[in-house]
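J.: Handing you a structure now.
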Amino acid sequence: MSDYEDLCWMPAVELSRRIAKREVTPVDVAEAVLRRMSEINPQLNAFVYHDPDSVMFEARALTEQLAGGRSLSPLHGIPYSLKEVCAAAGTPTTSGIVAFKDVVADNDEPVAARLMAAGGLFLGKTNPAEGGYKANSSNHLYGTTFNPWRHDMTAGGSSSGAGAAVAAGIGQLAQGTDGGGSVRIPAAVNGVVGFKPALGRIPQTRLAGRFHTFAYHGPITRTVADAALMLNAMAGFDPADPLSLPSDGVDYVAELDRGIEGARIAWSPDLGYATVDPEIHDICRHAVSAFTELGCNVEEADPGWENPEPTMWEGVWAPVYSSMLDAADWDAEAGRIDDQLIEVMRAGARLTAREIQRADAARGRMVDQMTVFMRGFDFLVTPVTTQPTFSVDEFCPESLADAPLPHQLMGWLLTYPFNMTTNPAISVPAGFTAAGMPVGLQIVGGLRADAAVLRAAAAFERVRPWSHRRPDLAATQG
């Protein structure tokens, strides 16, 4: 492997040490990652906005700061990306929707400002799934993001480009958003790490409403330590988000070494209601055996939920998306936006207040059940997806192609229940299917137990390492 590739694949925590010791400069890093991007991004379509001149200008400024001998932030000179939907002044913020193609952010939302203030090197913005409503990797404005492991497979969504970029070695750190699994799903299908933290851990101002309790920012990285490093920079209260939490004073990287011996693990292959592909089940069941090796007590159990699809659909997704109906003349946009996204908007508008409140009450019962369940366990472990990764040309797995729209969107995911209960949850690589596609394992913790979830993921990583596995992008092109 060449020196420039070494810098591209080097974990952020190690790269930070090298920069702090003046063994590597931010200019070295920028040149390496921009070269990698120029070689790889045209075939992946992971980045949809970047300015190489701006990246090099910032890298030179960060390199000059090294000469002063002052203490540096752990993110000093570390490459990071933002999902296109995340506001950063002067950059597009369209959600991949053609009708919004001229929208440019006029401010930095807190998560973007914090990554910059921490000394990170901003590479650009990554491709979202259209409107953020689905878990495949296409939109009508920027086109499709392809999976680096197999070009004909989806990169997941809705943080599609973020997952593909990190898996392909184009930047160590990627910010994603997660309203039902949009950090964890692309992490799973691209073979990387994706963390949805607790409600309020990272301020959220992307959505117009300030009291949405299902929407999160989260890191997508190749290692758990890098996710913890990124969370250190992003976490903490901001007055723009009234639900944001004060800092808990935790160094999430330092917490990773404590281990989880004796932890009580609940393993649920299906959360008690889902239909799981046998290959996914077997890969994840084998992965869970790592926790026994780590000295944990593993028991098969689930919270006892009924299928939560109707609750998520009627109480969260459809009502929130109905607010977009007034944003454009959607009839005039026919052919330039997913028909399914229009249907989500219109379905929300058809709901009555009574139906929405019934769904909210059902969500409350889910929280009650989860609260009781977690008294007996430290972690709940599940697959991330119930079906193998599907074709890039498909809307959902083939087994769900004839199902109603809510089931097409949610019927292959075990992620969204934890947006509803607000528990922190992480996706880590569990293995590969016979077709060579990554499979994700989800680790869920108690309310606000972010450090514990990261610690469990790091312990799993130590006995089931994955970061040495890298896609052969030349081979995926056939």
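By convention here, the chains of the structure tokens are called A, B, ... in the order presented, each chain's residues are numbered starting at 1, and ligands are numbered starting at 1 in the order presented.
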Using only C-alpha atoms, tabulate the residues of stretch 376-476 of chain A lying at most 10 Å from any atom of stretch 126-149 of chain A, each with its closest atom pair and that distance in Å to one decimal, by chain and increasing residue number, as JSON lines.
T.:
```
{"residue": "A:Thr389", "atom": "CA", "partner": "A:Asn136", "partner_atom": "CA", "distance": 9.6}
{"residue": "A:Phe390", "atom": "CA", "partner": "A:Asn136", "partner_atom": "CA", "distance": 8.9}
{"residue": "A:Ser391", "atom": "CA", "partner": "A:Asn136", "partner_atom": "CA", "distance": 9.3}
{"residue": "A:Val392", "atom": "CA", "partner": "A:Phe146", "partner_atom": "CA", "distance": 7.0}
{"residue": "A:Asp393", "atom": "CA", "partner": "A:Ser138", "partner_atom": "CA", "distance": 8.7}
{"residue": "A:Glu394", "atom": "CA", "partner": "A:Asn136", "partner_atom": "CA", "distance": 8.0}
{"residue": "A:Phe395", "atom": "CA", "partner": "A:Asn136", "partner_atom": "CA", "distance": 6.5}
{"residue": "A:Cys396", "atom": "CA", "partner": "A:Asn136", "partner_atom": "CA", "distance": 7.2}
{"residue": "A:Pro397", "atom": "CA", "partner": "A:Asn136", "partner_atom": "CA", "distance": 9.8}
{"residue": "A:Gln408", "atom": "CA", "partner": "A:Lys134", "partner_atom": "CA", "distance": 9.2}
{"residue": "A:Leu409", "atom": "CA", "partner": "A:Lys134", "partner_atom": "CA", "distance": 6.2}
{"residue": "A:Met410", "atom": "CA", "partner": "A:Lys134", "partner_atom": "CA", "distance": 8.8}
{"residue": "A:Trp412", "atom": "CA", "partner": "A:Ala135", "partner_atom": "CA", "distance": 9.8}
{"residue": "A:Leu413", "atom": "CA", "partner": "A:Ala135", "partner_atom": "CA", "distance": 9.1}
{"residue": "A:Gly436", "atom": "CA", "partner": "A:Trp149", "partner_atom": "CA", "distance": 7.4}
{"residue": "A:Met437", "atom": "CA", "partner": "A:Trp149", "partner_atom": "CA", "distance": 6.6}
{"residue": "A:Pro438", "atom": "CA", "partner": "A:Trp149", "partner_atom": "CA", "distance": 8.1}
{"residue": "A:Arg470", "atom": "CA", "partner": "A:Trp149", "partner_atom": "CA", "distance": 8.2}
{"residue": "A:Pro471", "atom": "CA", "partner": "A:Trp149", "partner_atom": "CA", "distance": 5.0}
{"residue": "A:Asp472", "atom": "CA", "partner": "A:Trp149", "partner_atom": "CA", "distance": 6.8}
{"residue": "A:Leu473", "atom": "CA", "partner": "A:Pro148", "partner_atom": "CA", "distance": 5.9}
{"residue": "A:Ala474", "atom": "CA", "partner": "A:Pro148", "partner_atom": "CA", "distance": 9.4}
{"residue": "A:Ala475", "atom": "CA", "partner": "A:Trp149", "partner_atom": "CA", "distance": 8.7}
{"residue": "A:Thr476", "atom": "CA", "partner": "A:Trp149", "partner_atom": "CA", "distance": 6.3}
```
J.: Got time to write the residues from that selection, C-alpha atoms, as a PDB file, in the first residue's frame?
T.:
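The result, stored in part08.pdb:
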```pdb
ATOM      1  CA  THR A 389     -28.444  -5.848   0.942  1.00  0.00           C
ATOM      2  CA  PHE A 390     -30.456  -5.472  -2.257  1.00  0.00           C
ATOM      3  CA  SER A 391     -29.907  -4.158  -5.767  1.00  0.00           C
ATOM      4  CA  VAL A 392     -29.120  -0.492  -6.232  1.00  0.00           C
ATOM      5  CA  ASP A 393     -32.014  -0.314  -8.696  1.00  0.00           C
ATOM      6  CA  GLU A 394     -34.619  -1.540  -6.211  1.00  0.00           C
ATOM      7  CA  PHE A 395     -36.686   0.483  -3.753  1.00  0.00           C
ATOM      8  CA  CYS A 396     -36.636  -2.234  -1.089  1.00  0.00           C
ATOM      9  CA  PRO A 397     -35.729  -5.910  -0.707  1.00  0.00           C
ATOM     10  CA  GLN A 408     -41.526  -1.552   2.147  1.00  0.00           C
ATOM     11  CA  LEU A 409     -39.871   1.234   4.137  1.00  0.00           C
ATOM     12  CA  MET A 410     -39.703  -0.424   7.542  1.00  0.00           C
ATOM     13  CA  TRP A 412     -36.576  -4.966   6.736  1.00  0.00           C
ATOM     14  CA  LEU A 413     -35.253  -2.757   9.553  1.00  0.00           C
ATOM     15  CA  GLY A 436     -19.774 -10.720  -0.088  1.00  0.00           C
ATOM     16  CA  MET A 437     -21.981  -8.014   1.433  1.00  0.00           C
ATOM     17  CA  PRO A 438     -21.473  -6.667   4.964  1.00  0.00           C
ATOM     18  CA  ARG A 470     -11.430  -3.148   2.764  1.00  0.00           C
ATOM     19  CA  PRO A 471     -13.469  -3.227  -0.423  1.00  0.00           C
ATOM     20  CA  ASP A 472     -11.707  -3.850  -3.716  1.00  0.00           C
ATOM     21  CA  LEU A 473     -13.280  -1.100  -5.769  1.00  0.00           C
ATOM     22  CA  ALA A 474     -11.619  -2.238  -8.971  1.00  0.00           C
ATOM     23  CA  ALA A 475     -13.209  -5.672  -8.567  1.00  0.00           C
ATOM     24  CA  THR A 476     -16.674  -4.237  -7.871  1.00  0.00           C
TER      25      THR A 476
END
```
J.: Can you list every residue in stretch 57-221 of chain A that DSSP puts in strand (DSSP E), as a list in words?
T.: Pro79, Tyr80, Ser81, Leu82, Lys83, Leu121, Phe122, Leu123, Gly124, Lys125, Thr126, Leu173, Ala174, Gln175, Gly176, Thr177, Asp178, Val193, Gly194, Phe195, Lys196, Tyr216, His217, Gly218, Pro219, Ile220 and Thr221 of chain A
J.: Only N, CA and C atoms, please: the residues just picked out, written as an mmCIF file, in the first residue's frame.
T.:
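Saved file part35.cif follows:
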```cif
data_model
loop_
_atom_site.group_PDB
_atom_site.id
_atom_site.type_symbol
_atom_site.label_atom_id
_atom_site.label_comp_id
_atom_site.auth_asym_id
_atom_site.auth_seq_id
_atom_site.Cartn_x
_atom_site.Cartn_y
_atom_site.Cartn_z
ATOM 1 N N PRO A 79 -9.786 14.652 8.551
ATOM 2 C CA PRO A 79 -10.820 14.871 7.547
ATOM 3 C C PRO A 79 -12.203 14.429 8.038
ATOM 4 N N TYR A 80 -13.200 15.244 7.760
ATOM 5 C CA TYR A 80 -14.579 14.878 8.074
ATOM 6 C C TYR A 80 -15.490 15.398 6.967
ATOM 7 N N SER A 81 -16.646 14.772 6.857
ATOM 8 C CA SER A 81 -17.651 15.205 5.897
ATOM 9 C C SER A 81 -18.962 15.464 6.618
ATOM 10 N N LEU A 82 -19.826 16.228 5.960
ATOM 11 C CA LEU A 82 -21.178 16.473 6.437
ATOM 12 C C LEU A 82 -22.165 15.886 5.437
ATOM 13 N N LYS A 83 -23.238 15.333 5.930
ATOM 14 C CA LYS A 83 -24.333 14.915 5.063
ATOM 15 C C LYS A 83 -24.926 16.157 4.408
ATOM 16 N N LEU A 121 -10.858 18.924 9.379
ATOM 17 C CA LEU A 121 -10.614 19.364 8.009
ATOM 18 C C LEU A 121 -11.845 19.001 7.178
ATOM 19 N N PHE A 122 -12.651 19.991 6.807
ATOM 20 C CA PHE A 122 -13.911 19.764 6.114
ATOM 21 C C PHE A 122 -13.662 19.395 4.659
ATOM 22 N N LEU A 123 -14.082 18.171 4.289
ATOM 23 C CA LEU A 123 -13.868 17.675 2.932
ATOM 24 C C LEU A 123 -14.987 18.050 1.975
ATOM 25 N N GLY A 124 -16.225 18.102 2.478
ATOM 26 C CA GLY A 124 -17.357 18.371 1.615
ATOM 27 C C GLY A 124 -18.601 17.698 2.148
ATOM 28 N N LYS A 125 -19.616 17.562 1.283
ATOM 29 C CA LYS A 125 -20.910 17.040 1.703
ATOM 30 C C LYS A 125 -21.255 15.772 0.924
ATOM 31 N N THR A 126 -21.876 14.838 1.641
ATOM 32 C CA THR A 126 -22.143 13.517 1.085
ATOM 33 C C THR A 126 -23.603 13.369 0.664
ATOM 34 N N LEU A 173 -13.955 10.455 9.166
ATOM 35 C CA LEU A 173 -15.125 10.807 9.973
ATOM 36 C C LEU A 173 -16.221 11.350 9.068
ATOM 37 N N ALA A 174 -17.447 10.857 9.253
ATOM 38 C CA ALA A 174 -18.588 11.360 8.495
ATOM 39 C C ALA A 174 -19.752 11.610 9.439
ATOM 40 N N GLN A 175 -20.370 12.768 9.288
ATOM 41 C CA GLN A 175 -21.588 13.072 10.048
ATOM 42 C C GLN A 175 -22.785 12.563 9.269
ATOM 43 N N GLY A 176 -23.714 11.921 9.973
ATOM 44 C CA GLY A 176 -24.955 11.483 9.366
ATOM 45 C C GLY A 176 -26.135 11.908 10.214
ATOM 46 N N THR A 177 -27.331 11.738 9.686
ATOM 47 C CA THR A 177 -28.538 11.968 10.463
ATOM 48 C C THR A 177 -29.346 10.684 10.492
ATOM 49 N N ASP A 178 -30.132 10.528 11.554
ATOM 50 C CA ASP A 178 -30.823 9.264 11.793
ATOM 51 C C ASP A 178 -32.219 9.532 12.334
ATOM 52 N N VAL A 193 -18.986 1.598 11.086
ATOM 53 C CA VAL A 193 -19.632 1.856 12.374
ATOM 54 C C VAL A 193 -20.563 3.048 12.236
ATOM 55 N N GLY A 194 -21.769 2.941 12.788
ATOM 56 C CA GLY A 194 -22.696 4.062 12.795
ATOM 57 C C GLY A 194 -23.400 4.149 14.130
ATOM 58 N N PHE A 195 -23.322 5.305 14.786
ATOM 59 C CA PHE A 195 -23.835 5.462 16.152
ATOM 60 C C PHE A 195 -24.947 6.492 16.203
ATOM 61 N N LYS A 196 -26.119 6.067 16.662
ATOM 62 C CA LYS A 196 -27.212 6.983 16.996
ATOM 63 C C LYS A 196 -27.168 7.208 18.498
ATOM 64 N N TYR A 216 -31.844 12.508 14.922
ATOM 65 C CA TYR A 216 -30.540 12.559 15.580
ATOM 66 C C TYR A 216 -29.430 12.837 14.569
ATOM 67 N N HIS A 217 -28.339 13.417 15.040
ATOM 68 C CA HIS A 217 -27.062 13.394 14.345
ATOM 69 C C HIS A 217 -26.226 12.259 14.929
ATOM 70 N N GLY A 218 -25.327 11.706 14.111
ATOM 71 C CA GLY A 218 -24.446 10.676 14.632
ATOM 72 C C GLY A 218 -23.226 10.479 13.760
ATOM 73 N N PRO A 219 -22.157 9.912 14.330
ATOM 74 C CA PRO A 219 -20.928 9.649 13.571
ATOM 75 C C PRO A 219 -20.985 8.349 12.791
ATOM 76 N N ILE A 220 -20.375 8.369 11.618
ATOM 77 C CA ILE A 220 -20.121 7.166 10.820
ATOM 78 C C ILE A 220 -18.621 7.093 10.602
ATOM 79 N N THR A 221 -18.006 5.989 11.033
ATOM 80 C CA THR A 221 -16.547 5.862 11.048
ATOM 81 C C THR A 221 -16.175 4.407 10.764
#
```
J.: Would you pick out the contacts of stretch 110-117 of chain A at 7 Å or less, using only C-alpha atoms, so that residues sharing its chain but fewer than 6 positions from it are not included, and give the list as a list of chain:residue names?
T.: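 After dropping sequence-adjacent residues, the list is A:Ala88, A:Pro203, A:Ala233, A:Met234.
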J.: Quick one: residues within 10 Å of A:Gly272, only C-alpha atoms counted, chain neighbours fewer than 2 positions away excluded, as a list in words?
T.: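 The residues that qualify are Ser268, Pro269, Asp270, Ala274, Thr275, Ala301, Asp302, Pro303, Gly304, Trp305, Glu306 and Asn307 of chain A.
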J.: Would you mind writing down, as a ChimeraX atom specification, each residue of stretch 112-218 of chain A that DSSP on the backbone assigns to alpha helix (DSSP H)?
T.: /A:112-117,160-167,184-190
J.: For stretch 450-463 of chain A, please output as a PyMOL selection string all residues within 10 Å (counting only C-alpha atoms; exclusion window: fewer than 5 positions along the same chain).
T.: chain A and resi 193+195-198+201+223-225+227-228+231+248+250-261+263+287-291+293-294+378-380+423-430+441-445
J.: I need the chosen residues saved as a compact mmCIF listing (two decimals), in the first residue's frame, with N, CA and C atoms.
T.:
```txt
# COMPACT_ATOMS: atom_id res chain seq x y z
N VAL A 193 -18.99 1.60 11.09
CA VAL A 193 -19.63 1.86 12.37
C VAL A 193 -20.56 3.05 12.24
N PHE A 195 -23.32 5.31 14.79
CA PHE A 195 -23.83 5.46 16.15
C PHE A 195 -24.95 6.49 16.20
N LYS A 196 -26.12 6.07 16.66
CA LYS A 196 -27.21 6.98 17.00
C LYS A 196 -27.17 7.21 18.50
N PRO A 197 -26.82 8.40 18.94
CA PRO A 197 -26.69 8.62 20.39
C PRO A 197 -28.05 8.79 21.06
N ALA A 198 -28.01 9.08 22.33
CA ALA A 198 -29.23 9.35 23.08
C ALA A 198 -29.86 10.65 22.63
N ARG A 201 -28.14 14.27 22.99
CA ARG A 201 -26.68 14.23 23.20
C ARG A 201 -25.97 15.17 22.23
N THR A 223 -13.95 2.73 12.84
CA THR A 223 -13.69 2.09 14.12
C THR A 223 -14.56 2.73 15.20
N VAL A 224 -14.75 2.00 16.29
CA VAL A 224 -15.53 2.53 17.41
C VAL A 224 -14.82 3.70 18.06
N ALA A 225 -13.50 3.61 18.21
CA ALA A 225 -12.75 4.70 18.83
C ALA A 225 -12.91 5.99 18.03
N ALA A 227 -15.53 6.81 16.28
CA ALA A 227 -16.88 7.31 16.57
C ALA A 227 -16.91 8.04 17.91
N ALA A 228 -16.22 7.49 18.89
CA ALA A 228 -16.14 8.13 20.20
C ALA A 228 -15.41 9.47 20.11
N LEU A 231 -17.79 11.92 18.60
CA LEU A 231 -18.83 12.29 19.56
C LEU A 231 -18.31 13.29 20.58
N ASP A 248 -22.09 15.53 29.76
CA ASP A 248 -22.01 14.62 30.90
C ASP A 248 -20.59 14.50 31.44
N VAL A 250 -18.03 13.23 30.13
CA VAL A 250 -17.38 11.96 29.78
C VAL A 250 -16.47 12.15 28.58
N ASP A 251 -15.26 11.60 28.68
CA ASP A 251 -14.38 11.45 27.52
C ASP A 251 -14.72 10.09 26.93
N TYR A 252 -15.45 10.08 25.82
CA TYR A 252 -15.96 8.82 25.28
C TYR A 252 -14.85 7.91 24.80
N VAL A 253 -13.72 8.48 24.38
CA VAL A 253 -12.59 7.64 23.96
C VAL A 253 -11.98 6.94 25.17
N ALA A 254 -11.78 7.68 26.25
CA ALA A 254 -11.18 7.09 27.46
C ALA A 254 -12.05 5.99 28.04
N GLU A 255 -13.37 6.10 27.86
CA GLU A 255 -14.30 5.11 28.41
C GLU A 255 -14.18 3.75 27.75
N LEU A 256 -13.61 3.70 26.56
CA LEU A 256 -13.63 2.46 25.79
C LEU A 256 -12.81 1.35 26.41
N ASP A 257 -11.86 1.68 27.27
CA ASP A 257 -10.95 0.67 27.81
C ASP A 257 -11.51 -0.06 29.03
N ARG A 258 -12.68 0.33 29.51
CA ARG A 258 -13.17 -0.23 30.77
C ARG A 258 -13.70 -1.65 30.66
N GLY A 259 -14.07 -2.07 29.47
CA GLY A 259 -14.55 -3.44 29.29
C GLY A 259 -15.98 -3.64 29.75
N ILE A 260 -16.52 -4.84 29.48
CA ILE A 260 -17.93 -5.12 29.80
C ILE A 260 -18.09 -6.49 30.45
N GLU A 261 -17.05 -7.03 31.05
CA GLU A 261 -17.15 -8.34 31.69
C GLU A 261 -18.30 -8.35 32.69
N ALA A 263 -21.47 -8.15 31.94
CA ALA A 263 -22.65 -7.46 31.44
C ALA A 263 -23.75 -8.46 31.07
N ALA A 287 -22.03 -13.79 15.61
CA ALA A 287 -21.35 -12.60 16.12
C ALA A 287 -21.62 -12.40 17.60
N VAL A 288 -22.83 -12.68 18.03
CA VAL A 288 -23.20 -12.48 19.44
C VAL A 288 -22.39 -13.37 20.37
N SER A 289 -21.89 -14.49 19.86
CA SER A 289 -21.07 -15.36 20.70
C SER A 289 -19.83 -14.65 21.21
N ALA A 290 -19.45 -13.56 20.57
CA ALA A 290 -18.29 -12.78 21.05
C ALA A 290 -18.53 -12.27 22.46
N PHE A 291 -19.77 -11.97 22.79
CA PHE A 291 -20.04 -11.43 24.13
C PHE A 291 -19.86 -12.50 25.20
N GLU A 293 -17.53 -14.78 24.95
CA GLU A 293 -16.07 -14.78 25.07
C GLU A 293 -15.58 -13.63 25.95
N LEU A 294 -16.32 -12.54 25.95
CA LEU A 294 -15.95 -11.36 26.74
C LEU A 294 -16.40 -11.46 28.19
N ASP A 378 -28.21 -5.05 30.50
CA ASP A 378 -27.39 -3.86 30.23
C ASP A 378 -27.45 -3.48 28.76
N PHE A 379 -27.60 -4.47 27.87
CA PHE A 379 -27.62 -4.22 26.43
C PHE A 379 -28.61 -5.17 25.75
N LEU A 380 -29.20 -4.67 24.69
CA LEU A 380 -30.03 -5.47 23.80
C LEU A 380 -29.32 -5.51 22.45
N ASN A 423 -33.39 5.31 22.93
CA ASN A 423 -32.19 4.65 23.45
C ASN A 423 -31.02 4.79 22.48
N PRO A 424 -29.80 4.98 22.97
CA PRO A 424 -28.63 4.98 22.08
C PRO A 424 -28.43 3.60 21.47
N ALA A 425 -28.01 3.59 20.20
CA ALA A 425 -27.83 2.33 19.49
C ALA A 425 -26.72 2.48 18.46
N ILE A 426 -25.94 1.44 18.29
CA ILE A 426 -24.80 1.47 17.37
C ILE A 426 -24.85 0.27 16.45
N SER A 427 -24.43 0.46 15.21
CA SER A 427 -24.23 -0.64 14.26
C SER A 427 -22.75 -0.90 14.13
N VAL A 428 -22.37 -2.17 14.28
CA VAL A 428 -20.98 -2.59 14.08
C VAL A 428 -20.98 -3.76 13.10
N PRO A 429 -19.90 -3.92 12.33
CA PRO A 429 -19.85 -5.02 11.37
C PRO A 429 -19.88 -6.39 12.05
N ALA A 430 -20.76 -7.26 11.56
CA ALA A 430 -20.92 -8.60 12.14
C ALA A 430 -20.33 -9.69 11.28
N LEU A 441 -24.51 -5.58 13.09
CA LEU A 441 -25.06 -5.98 14.39
C LEU A 441 -25.36 -4.70 15.17
N GLN A 442 -26.55 -4.63 15.76
CA GLN A 442 -26.97 -3.44 16.50
C GLN A 442 -26.87 -3.71 18.00
N ILE A 443 -26.21 -2.79 18.71
CA ILE A 443 -26.09 -2.86 20.16
C ILE A 443 -26.83 -1.67 20.74
N VAL A 444 -27.81 -1.93 21.60
CA VAL A 444 -28.67 -0.90 22.18
C VAL A 444 -28.42 -0.85 23.68
N GLY A 445 -28.37 0.35 24.23
CA GLY A 445 -28.17 0.50 25.66
C GLY A 445 -29.34 1.16 26.36
```
J.: Between A:Ser16, A:Ser95, A:Thr382, A:Thr415, which residue has the minimum interatomic distance to A:Glu309, considering only C-alpha atoms?
T.: A:Thr415
J.: My list of candidates is A:Leu405, A:Val344, A:Val439, A:Cys296. Which is closest to A:Phe377 when distances are computed with only C-alpha atoms?
T.: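 Of A:Leu405, A:Val344, A:Val439, A:Cys296, the one nearest A:Phe377 is A:Cys296, counting only C-alpha atoms.
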J.: Write out as a list of chain:residue names which residues come within 8 Å of A:Leu414 when counting only C-alpha atoms, dropping same-chain ones fewer than 4 positions away.
T.: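 So the residues in contact are A:Asp270, A:Leu271, A:Thr382, A:Pro383, A:Val384, A:Thr385, A:Thr386.
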J.: Measuring between only C-alpha atoms, which one of A:Arg184, A:His50, A:Arg60, A:Arg36 shows the shortest distance to A:Tyr4?
T.: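 Looking at the shortest contact to A:Tyr4, the residue is A:Arg36.
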J.: Would you kindly return, as a ChimeraX atom specification, each protein, DNA or RNA residue with an atom no farther than 12 Å from any atom of A:Leu72, considering only C-alpha atoms and excluding same-chain residues fewer than 4 positions away?
T.: /A:16-22,62-63,65-68,76-78,117-120
